[in-house]
$ cat query-v1.json   # JSON, C-alpha atoms
[["chain", "number", "residue", "atom", "x", "y", "z"],
["E", 9, "MET", "CA", 0.00, 0.00, 0.00],
["E", 10, "ALA", "CA", 2.75, 2.47, 0.89],
["E", 11, "GLY", "CA", 4.26, 2.14, -2.58],
["E", 12, "THR", "CA", 1.00, 3.01, -4.31],
["E", 13, "ILE", "CA", 0.64, 6.15, -2.16],
["E", 14, "ALA", "CA", 4.23, 7.17, -2.90],
["E", 15, "ASP", "CA", 3.47, 6.83, -6.61],
["E", 16, "GLU", "CA", 0.75, 9.46, -6.12],
["E", 17, "GLY", "CA", 3.26, 12.09, -4.99],
["E", 18, "PHE", "CA", 3.32, 11.58, -1.21],
["E", 19, "SER", "CA", 6.40, 11.17, 0.98],
["E", 20, "VAL", "CA", 5.64, 7.95, 2.84],
["E", 21, "THR", "CA", 7.06, 6.40, 6.00],
["E", 22, "ALA", "CA", 5.93, 2.88, 6.86],
["E", 23, "GLY", "CA", 6.35, 1.06, 10.15],
["E", 24, "SER", "CA", 4.55, -0.31, 13.17],
["E", 25, "GLU", "CA", 4.58, 2.87, 15.25],
["E", 26, "ILE", "CA", 3.11, 6.36, 14.84],
["E", 27, "THR", "CA", 5.59, 9.00, 13.70],
["E", 28, "GLY", "CA", 5.30, 12.34, 11.93],
["E", 29, "GLY", "CA", 5.49, 12.98, 8.21],
["E", 30, "ASP", "CA", 3.54, 13.74, 5.06],
["E", 31, "CYS", "CA", 1.90, 10.31, 4.99],
["E", 32, "LEU", "CA", 2.22, 7.59, 7.57],
["E", 33, "VAL", "CA", 1.40, 3.92, 7.00],
["E", 34, "VAL", "CA", 1.05, 2.03, 10.30],
["E", 35, "ASP", "CA", 1.09, -1.77, 10.28],
["E", 36, "LEU", "CA", -1.29, -2.93, 13.02],
["E", 37, "ARG", "CA", -0.43, -6.62, 12.54],
["E", 38, "THR", "CA", -3.94, -7.75, 13.36],
["E", 39, "ARG", "CA", -4.47, -10.59, 10.89],
["E", 40, "HIS", "CA", -3.62, -13.31, 13.40],
["E", 41, "ALA", "CA", -4.87, -11.46, 16.49],
["E", 42, "SER", "CA", -8.17, -12.10, 18.21],
["E", 43, "ALA", "CA", -11.13, -10.08, 16.99],
["E", 44, "ALA", "CA", -11.17, -8.10, 20.25],
["E", 45, "ALA", "CA", -7.45, -7.32, 20.09],
["E", 46, "ALA", "CA", -7.72, -6.25, 16.44],
["E", 47, "ALA", "CA", -10.60, -3.92, 17.26],
["E", 48, "GLN", "CA", -8.64, -2.36, 20.14],
["E", 49, "SER", "CA", -5.62, -1.76, 17.91],
["E", 50, "VAL", "CA", -7.87, 0.05, 15.46],
["E", 51, "ARG", "CA", -9.38, 2.20, 18.19],
["E", 52, "ASN", "CA", -5.93, 3.13, 19.45],
["E", 53, "VAL", "CA", -4.40, 4.15, 16.13],
["E", 54, "HIS", "CA", -7.40, 6.03, 14.76],
["E", 55, "GLN", "CA", -7.44, 8.37, 17.75],
["E", 56, "THR", "CA", -4.43, 10.05, 16.15],
["E", 57, "ALA", "CA", -5.26, 13.34, 14.46],
["E", 58, "ALA", "CA", -5.07, 13.25, 10.67],
["E", 59, "ARG", "CA", -6.22, 15.36, 7.74],
["E", 60, "ALA", "CA", -7.42, 12.23, 5.96],
["E", 61, "ARG", "CA", -7.35, 8.56, 6.81],
["E", 62, "CYS", "CA", -7.98, 5.19, 5.21],
["E", 63, "HIS", "CA", -7.95, 1.67, 6.58],
["E", 64, "LYS", "CA", -6.33, -1.10, 4.56],
["E", 65, "ILE", "CA", -7.74, -4.60, 4.34],
["E", 66, "ASP", "CA", -6.43, -7.75, 2.71],
["E", 67, "SER", "CA", -7.29, -7.88, -0.99],
["E", 68, "VAL", "CA", -8.72, -11.40, -0.63],
["E", 69, "LEU", "CA", -10.73, -10.63, 2.54],
["E", 70, "ARG", "CA", -8.57, -12.51, 5.05],
["E", 71, "GLY", "CA", -8.17, -11.43, 8.64],
["E", 72, "ASN", "CA", -10.15, -9.45, 11.21],
["E", 73, "TRP", "CA", -11.14, -6.54, 9.01],
["E", 74, "PRO", "CA", -14.94, -6.84, 9.61],
["E", 75, "HIS", "CA", -14.36, -6.44, 13.36],
["E", 76, "GLU", "CA", -12.01, -3.54, 12.64],
["E", 77, "VAL", "CA", -14.73, -1.86, 10.58],
["E", 78, "LYS", "CA", -17.16, -2.32, 13.46],
["E", 79, "ALA", "CA", -14.67, -0.59, 15.77],
["E", 80, "LEU", "CA", -14.42, 2.32, 13.32],
["E", 81, "VAL", "CA", -18.21, 2.65, 13.11],
["E", 82, "ASP", "CA", -18.43, 2.56, 16.91],
["E", 83, "MET", "CA", -15.96, 5.49, 16.93],
["E", 84, "GLY", "CA", -18.35, 7.49, 14.74],
["E", 85, "PHE", "CA", -16.78, 7.06, 11.32],
["E", 86, "ALA", "CA", -18.95, 6.55, 8.23],
["E", 87, "ILE", "CA", -17.38, 3.76, 6.18],
["E", 88, "ASP", "CA", -17.16, 2.90, 2.49],
["E", 89, "VAL", "CA", -15.71, -0.57, 1.94],
["E", 90, "VAL", "CA", -14.23, -0.57, -1.57],
["E", 91, "PRO", "CA", -12.76, -4.10, -1.95],
["E", 92, "SER", "CA", -11.22, -3.65, -5.42],
["E", 93, "PHE", "CA", -7.73, -3.57, -6.90],
["E", 94, "PRO", "CA", -8.25, -4.11, -10.64],
["E", 95, "ASP", "CA", -4.55, -3.90, -11.54],
["E", 96, "ALA", "CA", -3.94, -6.89, -9.25],
["E", 97, "GLY", "CA", -6.94, -8.84, -10.56],
["E", 98, "ARG", "CA", -9.21, -8.01, -7.61],
["E", 99, "ARG", "CA", -12.59, -6.45, -8.33],
["E", 100, "CYS", "CA", -16.04, -6.17, -6.77],
["E", 101, "ARG", "CA", -19.19, -6.67, -8.85],
["E", 102, "ARG", "CA", -22.69, -6.86, -7.42],
["E", 103, "GLY", "CA", -21.27, -7.22, -3.94],
["E", 104, "VAL", "CA", -18.99, -10.17, -4.79],
["E", 105, "VAL", "CA", -15.19, -9.93, -4.71],
["E", 106, "TYR", "CA", -13.35, -11.74, -7.50],
["E", 107, "VAL", "CA", -9.73, -12.76, -8.00],
["E", 108, "ASN", "CA", -9.05, -13.07, -11.72],
["E", 109, "ASP", "CA", -12.75, -13.75, -12.41],
["E", 110, "VAL", "CA", -13.05, -16.38, -9.65],
["E", 111, "PRO", "CA", -15.06, -15.55, -6.50],
["E", 112, "VAL", "CA", -12.47, -15.09, -3.78],
["E", 113, "ALA", "CA", -13.92, -17.84, -1.54],
["E", 114, "GLU", "CA", -13.39, -20.26, -4.43],
["E", 115, "SER", "CA", -9.89, -19.06, -5.35],
["E", 116, "THR", "CA", -6.51, -20.53, -4.36],
["E", 117, "SER", "CA", -6.35, -17.93, -1.57],
["E", 118, "ALA", "CA", -9.41, -19.45, 0.11],
["E", 119, "ASP", "CA", -7.34, -22.34, 1.44],
["E", 120, "ASP", "CA", -5.03, -20.11, 3.50],
["E", 121, "PRO", "CA", -4.16, -22.44, 6.43],
["E", 122, "LEU", "CA", -4.27, -19.64, 9.02],
["E", 123, "ASN", "CA", -6.95, -17.36, 7.55],
["E", 124, "PRO", "CA", -9.48, -19.34, 5.48],
["E", 125, "ILE", "CA", -11.90, -17.16, 3.52],
["E", 126, "LYS", "CA", -15.52, -17.71, 4.54],
["E", 127, "SER", "CA", -17.39, -15.64, 1.97],
["E", 128, "SER", "CA", -16.88, -13.74, -1.28],
["E", 129, "ARG", "CA", -19.42, -11.13, -0.14],
["E", 130, "PRO", "CA", -17.96, -8.46, 2.18],
["E", 131, "MET", "CA", -21.41, -7.53, 3.47],
["E", 132, "GLU", "CA", -21.98, -11.07, 4.74],
["E", 133, "LEU", "CA", -18.73, -10.88, 6.69],
["E", 134, "LEU", "CA", -19.66, -7.44, 8.03],
["E", 135, "ARG", "CA", -23.07, -8.65, 9.20],
["E", 136, "ALA", "CA", -21.44, -11.56, 11.01],
["E", 137, "ALA", "CA", -19.23, -9.04, 12.85],
["E", 138, "GLY", "CA", -22.23, -7.00, 13.96],
["E", 139, "CYS", "CA", -22.19, -4.28, 11.31],
["E", 140, "ALA", "CA", -25.76, -4.82, 10.12],
["E", 141, "ASP", "CA", -27.83, -1.63, 9.91],
["E", 142, "ARG", "CA", -24.77, 0.53, 10.57],
["E", 143, "ASP", "CA", -23.28, 3.36, 8.47],
["E", 144, "VAL", "CA", -21.28, 1.01, 6.26],
["E", 145, "ARG", "CA", -21.53, 0.68, 2.48],
["E", 146, "VAL", "CA", -19.86, -1.87, 0.21],
["E", 147, "ILE", "CA", -19.09, -0.15, -3.10],
["E", 148, "ASP", "CA", -18.66, -2.04, -6.38],
["E", 149, "ALA", "CA", -15.70, -1.23, -8.59],
["E", 150, "ASN", "CA", -15.19, -3.49, -11.58],
["E", 151, "ASP", "CA", -12.42, -1.44, -13.24],
["E", 152, "ASN", "CA", -10.12, 1.50, -12.53],
["E", 153, "ASN", "CA", -12.62, 4.08, -13.73],
["E", 154, "GLU", "CA", -15.26, 2.83, -11.32],
["E", 155, "LEU", "CA", -12.63, 2.63, -8.57],
["E", 156, "ALA", "CA", -11.65, 6.28, -9.11],
["E", 157, "GLN", "CA", -15.31, 7.31, -8.95],
["E", 158, "ALA", "CA", -15.83, 5.36, -5.71],
["E", 159, "ALA", "CA", -12.76, 6.95, -4.10],
["E", 160, "GLN", "CA", -13.80, 10.47, -5.12],
["E", 161, "ARG", "CA", -17.32, 9.93, -3.82],
["E", 162, "CYS", "CA", -15.94, 8.63, -0.54],
["E", 163, "ARG", "CA", -13.72, 11.67, -0.04],
["E", 164, "THR", "CA", -16.36, 14.18, -1.17],
["E", 165, "GLU", "CA", -18.87, 12.77, 1.32],
["E", 166, "GLY", "CA", -16.34, 12.72, 4.16],
["E", 167, "ARG", "CA", -16.41, 8.95, 4.65],
["E", 168, "MET", "CA", -13.47, 6.72, 5.50],
["E", 169, "LEU", "CA", -12.34, 4.40, 2.72],
["E", 170, "VAL", "CA", -11.63, 0.82, 3.75],
["E", 171, "GLY", "CA", -10.05, -1.31, 1.05],
["E", 172, "PRO", "CA", -6.91, -2.94, -0.40],
["E", 173, "SER", "CA", -3.89, -1.09, -1.76],
["E", 174, "GLY", "CA", -5.45, -0.24, -5.12],
["E", 175, "ALA", "CA", -8.47, 1.42, -3.54],
["E", 176, "ILE", "CA", -6.27, 3.45, -1.22],
["E", 177, "GLN", "CA", -4.14, 4.54, -4.18],
["E", 178, "ALA", "CA", -7.32, 5.76, -5.88],
["E", 179, "TYR", "CA", -8.16, 7.74, -2.73],
["E", 180, "ALA", "CA", -4.64, 9.24, -2.64],
["E", 181, "ALA", "CA", -5.05, 10.26, -6.29],
["E", 182, "THR", "CA", -8.03, 12.45, -5.37],
["E", 183, "PHE", "CA", -5.58, 14.94, -3.80],
["E", 184, "GLY", "CA", -4.22, 15.71, -7.27],
["E", 185, "ARG", "CA", -0.54, 15.79, -6.38],
["E", 186, "PRO", "CA", 2.06, 15.58, -9.16],
["E", 187, "ARG", "CA", 2.62, 11.88, -9.71],
["E", 188, "SER", "CA", 6.16, 10.67, -9.19],
["E", 189, "PRO", "CA", 6.45, 7.08, -10.41],
["E", 190, "GLN", "CA", 10.07, 6.00, -10.76],
["E", 191, "LYS", "CA", 12.03, 3.22, -12.36],
["E", 192, "PHE", "CA", 14.11, 1.24, -9.90],
["E", 193, "LEU", "CA", 17.24, -0.78, -10.53],
["E", 194, "LEU", "CA", 17.67, -3.58, -8.01],
["E", 195, "GLU", "CA", 21.21, -3.53, -6.67],
["E", 196, "PRO", "CA", 22.99, -6.90, -6.66],
["E", 197, "PRO", "CA", 23.44, -9.13, -4.88],
["E", 198, "VAL", "CA", 19.73, -9.81, -4.39],
["E", 199, "LEU", "CA", 18.55, -12.07, -1.58],
["E", 200, "ILE", "CA", 14.96, -13.30, -1.78],
["E", 201, "VAL", "CA", 13.52, -14.50, 1.52],
["E", 202, "CYS", "CA", 10.22, -16.35, 1.11],
["E", 203, "GLY", "CA", 8.09, -17.62, 3.96],
["E", 204, "SER", "CA", 4.82, -17.60, 2.05],
["E", 205, "LEU", "CA", 3.20, -20.95, 1.29],
["E", 206, "HIS", "CA", 0.95, -19.47, -1.41],
["E", 207, "PRO", "CA", 1.24, -21.50, -4.65],
["E", 208, "THR", "CA", 1.72, -18.28, -6.65],
["E", 209, "SER", "CA", 4.95, -17.39, -4.84],
["E", 210, "ARG", "CA", 6.22, -20.97, -4.88],
["E", 211, "SER", "CA", 5.70, -21.08, -8.63],
["E", 212, "GLN", "CA", 7.46, -17.72, -9.05],
["E", 213, "ILE", "CA", 10.53, -19.00, -7.21],
["E", 214, "ARG", "CA", 10.69, -22.19, -9.29],
["E", 215, "HIS", "CA", 10.78, -20.05, -12.45],
["E", 216, "LEU", "CA", 13.96, -18.26, -11.30],
["E", 217, "HIS", "CA", 16.34, -21.23, -11.73],
["E", 218, "CYS", "CA", 18.80, -19.72, -9.26],
["E", 219, "PRO", "CA", 20.54, -21.06, -6.12],
["E", 220, "THR", "CA", 17.77, -21.86, -3.61],
["E", 221, "TYR", "CA", 18.34, -22.87, 0.00],
["E", 222, "THR", "CA", 16.08, -24.01, 2.81],
["E", 223, "LEU", "CA", 16.51, -23.28, 6.50],
["E", 224, "ASP", "CA", 18.32, -26.53, 7.22],
["E", 225, "GLU", "CA", 20.94, -25.92, 4.51],
["E", 226, "LYS", "CA", 24.13, -23.89, 4.74],
["E", 227, "PHE", "CA", 24.15, -21.19, 2.10],
["E", 228, "GLN", "CA", 26.26, -18.34, 0.78],
["E", 229, "ILE", "CA", 25.10, -15.16, -0.87],
["E", 230, "SER", "CA", 25.42, -15.38, -4.64],
["E", 231, "ASP", "CA", 27.09, -12.48, -6.45],
["E", 232, "ARG", "CA", 23.79, -11.94, -8.30],
["E", 233, "LEU", "CA", 20.73, -13.72, -6.89],
["E", 234, "CYS", "CA", 19.79, -16.44, -4.44],
["E", 235, "VAL", "CA", 16.72, -17.55, -2.50],
["E", 236, "LEU", "CA", 16.24, -18.51, 1.13],
["E", 237, "THR", "CA", 12.93, -20.26, 1.66],
["E", 238, "THR", "CA", 11.14, -22.91, 3.67],
["E", 239, "THR", "CA", 10.32, -26.49, 2.83],
["E", 240, "GLU", "CA", 6.64, -26.96, 2.13],
["E", 241, "PRO", "CA", 4.99, -28.55, 5.18],
["E", 242, "THR", "CA", 3.36, -31.96, 4.99],
["E", 243, "LYS", "CA", 0.48, -30.78, 7.20],
["E", 244, "THR", "CA", -1.27, -27.49, 7.80],
["E", 245, "PRO", "CA", 0.89, -25.38, 10.14],
["E", 246, "ASP", "CA", -0.59, -23.82, 13.24],
["E", 247, "LEU", "CA", 0.02, -20.19, 14.16],
["E", 248, "ASN", "CA", 2.89, -20.93, 16.55],
["E", 249, "THR", "CA", 4.67, -22.99, 13.91],
["E", 250, "ALA", "CA", 4.16, -20.27, 11.30],
["E", 251, "TRP", "CA", 5.62, -17.60, 13.57],
["E", 252, "ALA", "CA", 8.56, -19.83, 14.52],
["E", 253, "THR", "CA", 9.32, -20.39, 10.83],
["E", 254, "ALA", "CA", 9.08, -16.68, 10.05],
["E", 255, "ASN", "CA", 11.44, -15.87, 12.93],
["E", 256, "ALA", "CA", 13.89, -18.54, 11.79],
["E", 257, "LEU", "CA", 13.94, -17.01, 8.30],
["E", 258, "ALA", "CA", 14.50, -13.59, 9.84],
["E", 259, "SER", "CA", 17.41, -14.85, 11.92],
["E", 260, "ARG", "CA", 19.09, -16.54, 8.96],
["E", 261, "SER", "CA", 18.64, -13.55, 6.68],
["E", 262, "LYS", "CA", 20.14, -11.17, 9.26],
["E", 263, "SER", "CA", 23.19, -13.38, 9.73],
["E", 264, "THR", "CA", 24.15, -13.31, 6.04],
["E", 265, "ALA", "CA", 26.67, -11.07, 4.35],
["E", 266, "PRO", "CA", 25.33, -7.63, 3.28],
["E", 267, "VAL", "CA", 23.18, -7.59, 0.16],
["E", 268, "GLY", "CA", 22.29, -4.80, -2.23],
["E", 269, "THR", "CA", 18.59, -5.71, -2.33],
["E", 270, "LEU", "CA", 16.54, -7.67, 0.17],
["E", 271, "PHE", "CA", 13.34, -9.04, -1.40],
["E", 272, "ILE", "CA", 10.85, -10.39, 1.15],
["E", 273, "ILE", "CA", 7.86, -12.51, 0.16],
["E", 274, "GLY", "CA", 5.05, -12.97, 2.68],
["E", 275, "GLY", "CA", 3.60, -10.56, 5.21],
["E", 276, "ASP", "CA", 4.52, -12.56, 8.31],
["E", 277, "THR", "CA", 8.07, -12.94, 7.03],
["E", 278, "ALA", "CA", 8.36, -9.19, 6.48],
["E", 279, "THR", "CA", 7.05, -8.54, 10.00],
["E", 280, "ALA", "CA", 9.60, -10.92, 11.52],
["E", 281, "ILE", "CA", 12.51, -9.37, 9.60],
["E", 282, "LEU", "CA", 11.63, -5.70, 9.95],
["E", 283, "GLY", "CA", 10.15, -5.68, 13.46],
["E", 284, "ASN", "CA", 9.39, -2.09, 14.49],
["E", 285, "GLU", "CA", 11.87, -0.61, 12.04],
["E", 286, "PRO", "CA", 10.43, 2.25, 9.93],
["E", 287, "VAL", "CA", 11.36, 2.44, 6.25],
["E", 288, "GLU", "CA", 11.18, 5.17, 3.62],
["E", 289, "VAL", "CA", 8.91, 3.92, 0.85],
["E", 290, "LEU", "CA", 9.89, 5.10, -2.65],
["E", 291, "GLY", "CA", 7.16, 3.68, -4.88],
["E", 292, "ASN", "CA", 6.15, 0.48, -6.61],
["E", 293, "LEU", "CA", 8.44, -1.79, -8.56],
["E", 294, "GLN", "CA", 5.34, -3.34, -10.09],
["E", 295, "THR", "CA", 1.68, -3.53, -9.09],
["E", 296, "ALA", "CA", 1.50, -4.11, -5.32],
["E", 297, "ILE", "CA", 5.28, -4.66, -5.03],
["E", 298, "PRO", "CA", 6.71, -1.66, -3.12],
["E", 299, "VAL", "CA", 10.35, -0.56, -2.92],
["E", 300, "ALA", "CA", 11.88, 1.16, 0.10],
["E", 301, "HIS", "CA", 15.20, 2.38, 1.49],
["E", 302, "ARG", "CA", 16.41, 0.44, 4.51],
["E", 303, "ASN", "CA", 19.79, 0.99, 6.14],
["E", 304, "GLY", "CA", 21.60, 1.65, 2.89],
["E", 305, "GLN", "CA", 19.98, -1.18, 0.94],
["E", 306, "LEU", "CA", 16.90, -1.52, -1.20],
["E", 307, "LEU", "CA", 13.98, -3.37, 0.33],
["E", 308, "VAL", "CA", 11.28, -4.97, -1.81],
["E", 309, "THR", "CA", 8.22, -6.69, -0.33],
["E", 310, "LYS", "CA", 5.53, -8.78, -1.99],
["E", 311, "GLY", "CA", 2.41, -10.54, -0.73],
["E", 312, "GLY", "CA", 2.30, -14.28, -1.27],
["E", 313, "GLY", "CA", -0.58, -14.20, -3.76],
["E", 314, "ILE", "CA", 0.59, -11.18, -5.76],
["E", 315, "GLY", "CA", 1.72, -11.51, -9.35],
["E", 316, "LYS", "CA", 1.88, -14.17, -12.05],
["E", 317, "PRO", "CA", 4.23, -17.17, -12.41],
["E", 318, "ASP", "CA", 6.84, -15.10, -14.29],
["E", 319, "THR", "CA", 6.63, -11.97, -12.12],
["E", 320, "LEU", "CA", 9.89, -12.50, -10.24],
["E", 321, "LEU", "CA", 11.71, -13.65, -13.36],
["E", 322, "ASP", "CA", 10.60, -10.54, -15.26],
["E", 323, "LEU", "CA", 11.53, -8.17, -12.44],
["E", 324, "LEU", "CA", 14.95, -9.66, -11.79],
["E", 325, "SER", "CA", 15.82, -10.07, -15.48],
["E", 326, "ALA", "CA", 15.16, -6.36, -15.96]]

$ encode --input "query-v1.json" --output "structure tokens"
Amino acid sequence: MAGTIADEGFSVTAGSEITGGDCLVVDLRTRHASAAAAAQSVRNVHQTAARARCHKIDSVLRGNWPHEVKALVDMGFAIDVVPSFPDAGRRCRRGVVYVNDVPVAESTSADDPLNPIKSSRPMELLRAAGCADRDVRVIDANDNNELAQAAQRCRTEGRMLVGPSGAIQAYAATFGRPRSPQKFLLEPPVLIVCGSLHPTSRSQIRHLHCPTYTLDEKFQISDRLCVLTTTEPTKTPDLNTAWATANALASRSKSTAPVGTLFIIGGDTATAILGNEPVEVLGNLQTAIPVAHRNGQLLVTKGGGIGKPDTLLDLLSA
């Protein structure tokens, strides 16, 4: 999300704590929390004064976001849920969210071992969280034109936009700042650290045909590109196992020789590696793949389900 906002002309700082700046992106890390804890985190952060605010949700409707919306409504905010990101294949039509023309609850993302998707209809999930008959609207957006209209309507009417990165970019665009998209050259050596089990990311790594190591293997940084990843589990991991694996990846990646670009795949893996460290977000390398400065190196992050099988190959070949 931070990369899409930076592309719209904002100076963006991203981290897990509230700091000053032109635009601040705060990671609440609520996906694996209890519903009550997620709601409290939302109440805490949205007490901070701001000229404008949005609330990001997962593009495939995972996590505690319906309970977070309820907390926002209880605080007095009027909410527009705009669950669309057409450039990433996510769109909402007649109240149903699709991933590449497949209802999200029937997509490959639905089988997330820690956050299974229970419905393709955001309003059903909101009702289950107690948002029925509240000041919450779910807005369709089947393409970028409809998304821009939804974002402008939301801002004009003084409502808070809740949605994935693409919807928040559309909201940022309503401020009309000079756009500043950049072209980025990834500095070698590049280390890819992947903790995501999503089949999209696993396929992307297989297409690279580069040195690939698992946690139980000794590895050295290649002069160009290498991958540190996990073995695919034989059974569905529980939350404690997932966190332990993410922390193990973080520990191994920090003990390596310096790299020019660190490329992290998977939200939990990024959380384990970055901790509370703020980063300066520069823009997007590609749709939903942000680039940042971090301690003298480039940092690239990517969600597990983002991209196509050749996405990594195309980015790293360029």

$ residues_around --input "query-v1.json" --residues "Lys64 (chain E)" --least-positions-apart "5" --cutoff "12 Å" --atoms "all atoms listed in the file" --output "ChimeraX atom specification"
/E:9-10,33-39,50,69-74,76-77,88-93,168-177,179

$ closest_residue --input "query-v1.json" --among "E:Thr253, E:Ser19, E:Thr208, E:Asn150" --to "Thr116 (chain E)" --atoms "all atoms listed in the file"
E:Thr208

$ residues_around --input "query-v1.json" --residues "Arg232 (chain E)" --least-positions-apart "4" --cutoff "10 Å" --atoms "all atoms listed in the file" --output "PyMOL selection string"
chain E and resi 195-199+218-219+267-268+324

$ atom_distance --input "query-v1.json" --atom1 "CA of Glu285 (chain E)" --atom2 "CA of Glu25 (chain E)"
8.7 Å

$ residues_around --input "query-v1.json" --residues "Gly29 (chain E)" --least-positions-apart "3" --cutoff "9 Å" --atoms "all atoms listed in the file" --output "PyMOL selection string"
chain E and resi 19-21+32

$ closest_atom_pairs --input "query-v1.json" --of "region 235-318 of chain E" --to "region 120-137 of chain E" --cutoff "10 Å" --atoms "all atoms listed in the file" --output "JSON lines"
{"residue": "E:Lys243", "atom": "CA", "partner": "E:Pro121", "partner_atom": "CA", "distance": 9.6}
{"residue": "E:Thr244", "atom": "CA", "partner": "E:Pro121", "partner_atom": "CA", "distance": 6.0}
{"residue": "E:Pro245", "atom": "CA", "partner": "E:Pro121", "partner_atom": "CA", "distance": 6.9}
{"residue": "E:Asp246", "atom": "CA", "partner": "E:Leu122", "partner_atom": "CA", "distance": 7.0}
{"residue": "E:Leu247", "atom": "CA", "partner": "E:Leu122", "partner_atom": "CA", "distance": 6.7}
{"residue": "E:Ala250", "atom": "CA", "partner": "E:Leu122", "partner_atom": "CA", "distance": 8.8}

$ atom_distance --input "query-v1.json" --atom1 "CA of Phe227 (chain E)" --atom2 "CA of Ala265 (chain E)"
10.7 Å

$ residues_near_point --input "query-v1.json" --point "(7.3, 1.3, -1.4)" --cutoff "12 Å" --atoms "all atoms listed in the file" --output "PyMOL selection string"
chain E and resi 9-16+18-23+33+173+189-190+192+271+286-302+306-310

$ decode --input "query-v1.json" --residues "region 200-205 of chain E" --atoms "all heavy atoms" --output "mmCIF file, in the first residue's frame"
data_model
loop_
_atom_site.group_PDB
_atom_site.id
_atom_site.type_symbol
_atom_site.label_atom_id
_atom_site.label_comp_id
_atom_site.auth_asym_id
_atom_site.auth_seq_id
_atom_site.Cartn_x
_atom_site.Cartn_y
_atom_site.Cartn_z
ATOM 1 N N ILE E 200 16.403 -13.126 -1.932
ATOM 2 C CA ILE E 200 14.960 -13.296 -1.779
ATOM 3 C C ILE E 200 14.711 -14.196 -0.576
ATOM 4 O O ILE E 200 15.271 -15.292 -0.484
ATOM 5 C CB ILE E 200 14.333 -13.918 -3.035
ATOM 6 C CG1 ILE E 200 14.521 -12.992 -4.243
ATOM 7 C CG2 ILE E 200 12.853 -14.202 -2.822
ATOM 8 C CD1 ILE E 200 14.003 -13.573 -5.538
ATOM 9 N N VAL E 201 13.889 -13.714 0.346
ATOM 10 C CA VAL E 201 13.517 -14.501 1.520
ATOM 11 C C VAL E 201 12.016 -14.752 1.439
ATOM 12 O O VAL E 201 11.220 -13.808 1.477
ATOM 13 C CB VAL E 201 13.868 -13.777 2.828
ATOM 14 C CG1 VAL E 201 13.503 -14.647 4.025
ATOM 15 C CG2 VAL E 201 15.348 -13.417 2.870
ATOM 16 N N CYS E 202 11.642 -16.005 1.309
ATOM 17 C CA CYS E 202 10.225 -16.354 1.111
ATOM 18 C C CYS E 202 9.734 -17.274 2.218
ATOM 19 O O CYS E 202 10.217 -18.400 2.361
ATOM 20 C CB CYS E 202 10.029 -17.024 -0.252
ATOM 21 S SG CYS E 202 8.323 -17.567 -0.536
ATOM 22 N N GLY E 203 8.746 -16.778 2.976
ATOM 23 C CA GLY E 203 8.093 -17.617 3.959
ATOM 24 C C GLY E 203 6.669 -17.954 3.571
ATOM 25 O O GLY E 203 6.007 -18.742 4.247
ATOM 26 N N SER E 204 6.188 -17.360 2.479
ATOM 27 C CA SER E 204 4.817 -17.601 2.048
ATOM 28 C C SER E 204 4.662 -19.017 1.499
ATOM 29 O O SER E 204 5.531 -19.516 0.775
ATOM 30 C CB SER E 204 4.415 -16.597 0.970
ATOM 31 O OG SER E 204 3.154 -16.916 0.409
ATOM 32 N N LEU E 205 3.520 -19.626 1.832
ATOM 33 C CA LEU E 205 3.197 -20.946 1.289
ATOM 34 C C LEU E 205 2.252 -20.857 0.098
ATOM 35 O O LEU E 205 1.849 -21.884 -0.452
ATOM 36 C CB LEU E 205 2.554 -21.810 2.375
ATOM 37 C CG LEU E 205 3.410 -22.097 3.610
ATOM 38 C CD1 LEU E 205 2.617 -22.930 4.604
ATOM 39 C CD2 LEU E 205 4.703 -22.795 3.223
#
